[in-house]
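Note sheet for the following structure.
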Amino acid sequence: MQRLTSLVAPTLRSRAQLSLRRSTRVVLRAGISTHTVPPLKDPSLLQPYPFIDNEFIIPTTPYQTFSVRDPVSGLKIADVPDQTVDDAKIAIKAAAAAFKSFRATAARERSNWLRRWNELVLENKGDLATLITWENGKPLADASGEVSYAASFLEWFAEEAPRIYGDTIPASVKGNRVLTQRQPVGVCGLITPWNFPAAMITRKVGPALAAGCTVVIKAPAETPLTSLALAELARRAGIPKGVINVVTTMENTPDVGKELCTNPVVKKISFTGSTAVGKLLMKQASGTLKKLSFELGGNAPFIVFDDADLDTAVAGAVISKFRSSGQTCVCANRIFVQEGIYDKFAEKLAMKVKEFRVGSGYQEGTTHGPLIHERAVEKVHGHVVNAREAGAEVVLGGKKMEHLGMNFYEPTVLTGMSKEMLLYKEETFGPVAALFPFKTEKEVVEMANDTEVGLAAYFFSKDYSRIWRVAEALEVGMVGINTGLISDPAAPFGGVKQSGFGREGSKYGVDEYTVVKMMTFGGIGDLQE
Ligand code: SIN
């Protein structure tokens, strides 16, 4: 283990004709005081500069930076350029130039690049996990799991690239022949979240590249370093210059987002984030009618019927509710438990949650890390206080863990929840298991659907007919039946209602990055004498 010291902001450079200057390497000199960050095996993976045209760019003119902070200590990890609309335009231009030749590459070539990138991600799993834990806070074992998950999208889409088929269609007019080809949509703007700093990048870039698109990624302000390390590995995989570009920004996020959504060169936006921001981006993108895929907020119901296997349901709740300390879009939000097993379920769940160990993700034995920032803690605590005041019982937790740091919150179990409480209506995005009692199948399905969003739902039952009835009645894009973990590169990920549209991963994932070109061949006629 090596103790490190904070990265200093790069010295401002004098004004030159170019607003960006190219740099190749940055030495790892970063650190924090309250826990020890393992050294990277390959320090050149820590790149705190935007990535454009296959180069990490140090601005040459005076420029603003923002600090990437360790959510455990609140200390600075690195200062990263807060890029502007002009910088975003440069990235878009690079992606547009690269698209001209990349779209014409053979599917097998693109497949090989993705496969090589996948291998490099796995070879550098330890370093990538270290970076994820540092800037996101999730425990090292979870971070390492995320790297495998991230790589799996590259592997999946390496396999899909050579299988982007068109159709031959019997024409209505004699003498005509109709066929289709699926062509790359063009330059894609990808706006990704901090909760999966690696996997949400590869889940978008994988299908984009498989289809022959080029991309500009707006890296999350909280976790840009993982995106930049992935870009470095893409460069090493031989992915041609300009195909992947990563813009870093915090204060200028709204303007950079708007540029991606309004620039006519960009043909598609893929966004993972809140429903409110999704609506804004959709409005902005309407001016140029871009192709869109949005994965937005959820309010996942998690239903346990009396006939469920109790231990399976408890294990499902632990993973679905507390994965990444409750900070995934598909985390259970409202846990509905049928009256006959309510008390037993609550007791068993509380016993499991009591075993959690909260702390630094680098510490051996830590099961759960901090939340991403203090705002998140305030929101979670607000939901708990509101529930308590309205009559819920705090079985476990319910407090901030200020002795550990400003971003920690106790894993919490609440019983006696009711529909009037904030947590019923809003996604908590934190480690709070809130148990609502219910009597009948009809009542619980109504409550489950009583929300404007519809991303994921889970339920537990051994009754074959009930499983069909309930799975079909839930208004969501994804249902977990007798499992709390549905994430899989082979399975289509996405929502309905105000959770968005479009699917990521799976055989459908590439569709979001292609357009169907139809060709009609006329005057073919009959065999000539
Ligand atoms: C998300 O939170 O958006 C992604 C969760 C997952 O892929 O499991």
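Following the order of the structure tokens, chains are lettered A, B, ..., residues in each are numbered from 1, and ligands are numbered from 1.
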| message | 7 Å from ligand 1 is the threshold here; counting only C-alpha atoms and all ligand atoms, which polymer residues fall inside it? Answer as a list of chain:residue names. | response | A:Asn195, A:Phe196, A:Met200, A:Thr272, A:Glu295, A:Gln327, A:Thr328, A:Cys329, A:Val330, A:Ile486, A:Ser487
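DSSP, applied to the backbone of this structure, assigns alpha helix (DSSP H) to the following residues of range 438-471 of chain A: Glu441, Lys442, Glu443, Val444, Val445, Glu446, Met447, Ala448, Tyr464, Ser465, Arg466, Ile467, Trp468, Arg469, Val470 and Ala471 of chain A.
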With the cut-off set at 8 Å and counting only C-alpha atoms, tabulate each residue of range 115-190 of chain A with an atom at most that distance from an atom of range 369-385 of chain A, showing the nearest atom pair and its distance in Å to one decimal, ordered by chain and increasing number, as CSV.
```
residue,atom,partner,partner_atom,distance
A:Asn136,CA,A:Ile372,CA,6.3
A:Gly137,CA,A:Gly369,CA,5.5
A:Lys138,CA,A:Gly369,CA,5.0
A:Pro139,CA,A:Gly369,CA,5.8
```
| message | If we count only C-alpha atoms and set the cut-off at 12 Å, which residues sit around Glu339 in chain A, ignoring sequence neighbours fewer than 2 positions away in its own chain? Please answer as a PyMOL selection string. | response | chain A and resi 303-307+336-337+341-346+416+435-441+444
| query | What lies within 10 Å of Arg108 in chain A using only C-alpha atoms, ignoring chain neighbours under 4 positions off, as an NGL selection string? | reply | :A and (112-114 or 158-163 or 210)
Preceding selection exported with N, CA, C and O atoms as a compact mmCIF listing (two decimals), in the first residue's frame:
```
# COMPACT_ATOMS: atom_id res chain seq x y z
N ASN A 112 -13.42 -7.09 -33.60
CA ASN A 112 -12.09 -7.36 -33.04
C ASN A 112 -11.62 -6.23 -32.13
O ASN A 112 -10.99 -6.47 -31.10
N TRP A 113 -11.93 -4.97 -32.49
CA TRP A 113 -11.55 -3.85 -31.61
C TRP A 113 -12.27 -3.96 -30.26
O TRP A 113 -11.68 -3.76 -29.21
N LEU A 114 -13.57 -4.29 -30.35
CA LEU A 114 -14.34 -4.38 -29.09
C LEU A 114 -13.83 -5.54 -28.23
O LEU A 114 -13.71 -5.44 -27.01
N ALA A 158 -19.15 -7.14 -29.19
CA ALA A 158 -18.18 -7.68 -30.16
C ALA A 158 -18.83 -8.85 -30.90
O ALA A 158 -18.60 -9.06 -32.10
N GLU A 159 -19.66 -9.59 -30.16
CA GLU A 159 -20.34 -10.74 -30.79
C GLU A 159 -21.50 -10.29 -31.69
O GLU A 159 -21.84 -10.95 -32.66
N GLU A 160 -22.13 -9.17 -31.33
CA GLU A 160 -23.27 -8.68 -32.11
C GLU A 160 -22.84 -7.98 -33.40
O GLU A 160 -23.58 -8.00 -34.39
N ALA A 161 -21.66 -7.34 -33.38
CA ALA A 161 -21.26 -6.51 -34.54
C ALA A 161 -21.39 -7.25 -35.88
O ALA A 161 -21.94 -6.69 -36.83
N PRO A 162 -20.93 -8.50 -35.97
CA PRO A 162 -21.06 -9.16 -37.28
C PRO A 162 -22.46 -9.69 -37.56
O PRO A 162 -22.67 -10.38 -38.55
N ARG A 163 -23.41 -9.43 -36.70
CA ARG A 163 -24.77 -10.00 -36.88
C ARG A 163 -25.83 -8.91 -37.00
O ARG A 163 -26.95 -9.07 -36.55
N ALA A 210 -20.23 -1.16 -32.36
CA ALA A 210 -20.61 -2.35 -33.13
C ALA A 210 -21.34 -1.94 -34.41
O ALA A 210 -21.14 -2.51 -35.48
```
So that each row is one residue of range 206-286 of chain A with an atom at most 12 Å from range 500-516 of chain A, can you give its shortest atom pair and the distance in Å to one decimal, using only C-alpha atoms, rows by chain and rising number, as a tab-separated table?
```
residue	atom	partner	partner_atom	distance
A:Gly206	CA	A:Val510	CA	8.6
A:Pro207	CA	A:Val510	CA	4.9
A:Ala208	CA	A:Tyr513	CA	5.6
A:Leu209	CA	A:Tyr513	CA	8.7
A:Ala210	CA	A:Val510	CA	7.3
A:Ala211	CA	A:Tyr513	CA	6.3
A:Gly212	CA	A:Tyr513	CA	8.5
A:Cys213	CA	A:Tyr513	CA	7.2
A:Thr214	CA	A:Tyr513	CA	10.0
A:Val215	CA	A:Tyr513	CA	10.7
A:Lys267	CA	A:Tyr513	CA	9.4
A:Lys268	CA	A:Tyr513	CA	7.6
A:Ile269	CA	A:Tyr513	CA	9.5
A:Ser270	CA	A:Glu512	CA	8.6
A:Phe271	CA	A:Gly500	CA	9.5
A:Thr272	CA	A:Gly500	CA	9.2
A:Gly273	CA	A:Gly500	CA	9.9
A:Ser274	CA	A:Gly500	CA	9.7
A:Thr275	CA	A:Gly500	CA	7.6
A:Ala276	CA	A:Gly500	CA	10.9
A:Val277	CA	A:Gly500	CA	11.3
A:Gly278	CA	A:Gly500	CA	8.0
A:Lys279	CA	A:Gly500	CA	9.4
A:Leu281	CA	A:Gly500	CA	11.9
A:Met282	CA	A:Gly500	CA	10.5
```
| message | List as a VMD selection string the protein and nucleic acid residues near Thr130 in chain A, meaning an atom at most 10 Å away when only C-alpha atoms are counted, but skip any in the same chain fewer than 2 places from it. | response | chain A and resid 37 to 40 125 to 128 132 to 141 143 to 144 226 361 to 362
| said: Residues within 7 Å of Gly484 in chain A, please, as a PyMOL selection string. Count only C-alpha atoms; anything in the same chain fewer than 3 positions from it doesn't count. | reply: chain A and resi 316-317+319-320+458+480
| said: From a backbone DSSP assignment, name each residue in range 101-281 of chain A labelled strand (DSSP E), as a PyMOL selection string. | reply: chain A and resi 168-169+177-184+187-191+214-218+244-247+266-272
If you keep N, CA, C and O atoms, can you produce a file of those selected residues as a CSV table (one decimal), in the first residue's frame?
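Final output, saved to result_0.csv:
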```csv
chain,number,residue,atom,x,y,z
A,168,THR,N,-34.6,-9.3,-46.6
A,168,THR,CA,-35.1,-9.3,-48.0
A,168,THR,C,-36.6,-9.5,-47.8
A,168,THR,O,-37.1,-10.3,-47.1
A,169,ILE,N,-37.4,-8.6,-48.6
A,169,ILE,CA,-38.8,-8.5,-48.3
A,169,ILE,C,-39.5,-8.7,-49.7
A,169,ILE,O,-39.2,-8.1,-50.7
A,177,ARG,N,-37.8,-5.7,-56.2
A,177,ARG,CA,-37.2,-6.5,-55.1
A,177,ARG,C,-36.9,-5.4,-54.0
A,177,ARG,O,-36.4,-4.3,-54.3
A,178,VAL,N,-37.2,-5.8,-52.7
A,178,VAL,CA,-37.0,-4.9,-51.6
A,178,VAL,C,-36.0,-5.5,-50.6
A,178,VAL,O,-36.2,-6.7,-50.3
A,179,LEU,N,-35.1,-4.7,-50.2
A,179,LEU,CA,-34.2,-5.2,-49.1
A,179,LEU,C,-33.9,-4.1,-48.2
A,179,LEU,O,-34.1,-2.9,-48.5
A,180,THR,N,-33.5,-4.4,-47.0
A,180,THR,CA,-33.1,-3.4,-46.0
A,180,THR,C,-31.7,-3.7,-45.5
A,180,THR,O,-31.2,-4.8,-45.5
A,181,GLN,N,-31.1,-2.6,-45.1
A,181,GLN,CA,-29.7,-2.6,-44.5
A,181,GLN,C,-29.8,-1.8,-43.3
A,181,GLN,O,-30.5,-0.8,-43.2
A,182,ARG,N,-29.1,-2.2,-42.2
A,182,ARG,CA,-29.1,-1.4,-41.0
A,182,ARG,C,-27.8,-0.6,-41.0
A,182,ARG,O,-26.7,-1.2,-40.9
A,183,GLN,N,-27.9,0.7,-41.1
A,183,GLN,CA,-26.7,1.6,-41.2
A,183,GLN,C,-26.5,2.3,-39.8
A,183,GLN,O,-27.5,2.6,-39.1
A,184,PRO,N,-25.3,2.7,-39.6
A,184,PRO,CA,-25.0,3.4,-38.3
A,184,PRO,C,-25.7,4.8,-38.3
A,184,PRO,O,-25.7,5.4,-39.4
A,187,VAL,N,-22.9,10.3,-35.5
A,187,VAL,CA,-22.3,10.7,-34.3
A,187,VAL,C,-23.3,10.6,-33.1
A,187,VAL,O,-24.4,11.2,-33.2
A,188,CYS,N,-22.9,10.0,-32.0
A,188,CYS,CA,-23.8,9.8,-30.9
A,188,CYS,C,-23.3,10.6,-29.7
A,188,CYS,O,-22.1,10.5,-29.4
A,189,GLY,N,-24.2,11.3,-29.0
A,189,GLY,CA,-23.8,11.9,-27.7
A,189,GLY,C,-24.3,11.0,-26.6
A,189,GLY,O,-25.5,10.6,-26.5
A,190,LEU,N,-23.4,10.6,-25.7
A,190,LEU,CA,-23.7,9.7,-24.7
A,190,LEU,C,-23.5,10.4,-23.3
A,190,LEU,O,-22.4,10.9,-23.0
A,191,ILE,N,-24.6,10.5,-22.6
A,191,ILE,CA,-24.5,11.2,-21.3
A,191,ILE,C,-24.7,10.1,-20.2
A,191,ILE,O,-25.8,9.5,-20.1
A,214,THR,N,-19.7,6.7,-34.2
A,214,THR,CA,-18.6,7.3,-33.3
A,214,THR,C,-19.3,8.1,-32.2
A,214,THR,O,-20.5,8.5,-32.3
A,215,VAL,N,-18.6,8.4,-31.1
A,215,VAL,CA,-19.3,8.9,-29.9
A,215,VAL,C,-18.5,10.1,-29.3
A,215,VAL,O,-17.3,10.2,-29.3
A,216,VAL,N,-19.3,10.9,-28.6
A,216,VAL,CA,-18.8,11.9,-27.7
A,216,VAL,C,-19.5,11.6,-26.4
A,216,VAL,O,-20.7,11.6,-26.2
A,217,ILE,N,-18.7,11.2,-25.4
A,217,ILE,CA,-19.2,10.9,-24.1
A,217,ILE,C,-19.1,12.1,-23.2
A,217,ILE,O,-18.1,12.7,-23.1
A,218,LYS,N,-20.2,12.5,-22.5
A,218,LYS,CA,-20.2,13.5,-21.5
A,218,LYS,C,-20.0,12.7,-20.2
A,218,LYS,O,-20.9,12.1,-19.7
A,244,ILE,N,-13.8,7.5,-30.3
A,244,ILE,CA,-14.3,7.7,-28.9
A,244,ILE,C,-13.7,9.0,-28.4
A,244,ILE,O,-12.5,9.3,-28.4
A,245,ASN,N,-14.6,9.9,-27.9
A,245,ASN,CA,-14.1,11.2,-27.3
A,245,ASN,C,-14.8,11.4,-26.0
A,245,ASN,O,-16.0,11.1,-25.9
A,246,VAL,N,-14.1,11.9,-25.0
A,246,VAL,CA,-14.7,12.0,-23.7
A,246,VAL,C,-14.5,13.5,-23.2
A,246,VAL,O,-13.4,14.0,-23.1
A,247,VAL,N,-15.6,14.1,-23.0
A,247,VAL,CA,-15.7,15.5,-22.6
A,247,VAL,C,-15.9,15.5,-21.0
A,247,VAL,O,-16.7,14.8,-20.5
A,266,VAL,N,-24.7,15.8,-34.4
A,266,VAL,CA,-25.0,14.7,-33.6
A,266,VAL,C,-26.4,14.2,-34.0
A,266,VAL,O,-27.4,14.9,-34.1
A,267,LYS,N,-26.4,12.8,-34.2
A,267,LYS,CA,-27.7,12.2,-34.7
A,267,LYS,C,-28.4,11.4,-33.6
A,267,LYS,O,-29.6,11.0,-33.9
A,268,LYS,N,-27.8,11.2,-32.5
A,268,LYS,CA,-28.4,10.4,-31.5
A,268,LYS,C,-28.0,10.7,-30.1
A,268,LYS,O,-26.8,11.1,-29.9
A,269,ILE,N,-28.9,10.7,-29.1
A,269,ILE,CA,-28.5,10.9,-27.7
A,269,ILE,C,-28.9,9.7,-27.0
A,269,ILE,O,-30.1,9.3,-27.0
A,270,SER,N,-28.0,9.2,-26.2
A,270,SER,CA,-28.4,8.1,-25.2
A,270,SER,C,-28.1,8.7,-23.8
A,270,SER,O,-27.0,9.2,-23.6
A,271,PHE,N,-29.1,8.7,-22.9
A,271,PHE,CA,-28.9,9.3,-21.6
A,271,PHE,C,-29.4,8.4,-20.5
A,271,PHE,O,-30.4,7.8,-20.7
A,272,THR,N,-28.6,8.3,-19.5
A,272,THR,CA,-29.1,7.6,-18.3
A,272,THR,C,-29.0,8.6,-17.1
A,272,THR,O,-28.0,9.3,-16.9
```
| task | Can you pull out every residue within 8 Å of Asn299 in chain A, counting only C-alpha atoms, but drop anything in the same chain fewer than 6 positions away, and send it as a count of residues only? | result | 12
| note | Between A:Val80, A:Ala473, A:Val413, A:Ala448, smallest distance to Tyr63 in chain A by only C-alpha atoms belongs to A:Val80
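Nearest-residue note for Val205 in chain A: choosing from A:Trp468, A:Trp156, A:Tyr165, A:Phe302, the minimum distance belongs to A:Trp156, counting only C-alpha atoms.
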| field | Atom pair CA of Lys89 in chain A / CA of Trp194 in chain A: separation (Å) | value | 23.2 Å
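Straight-line separation from CA of Asn407 in chain A to CA of Pro71 in chain A: 6.4 Å.
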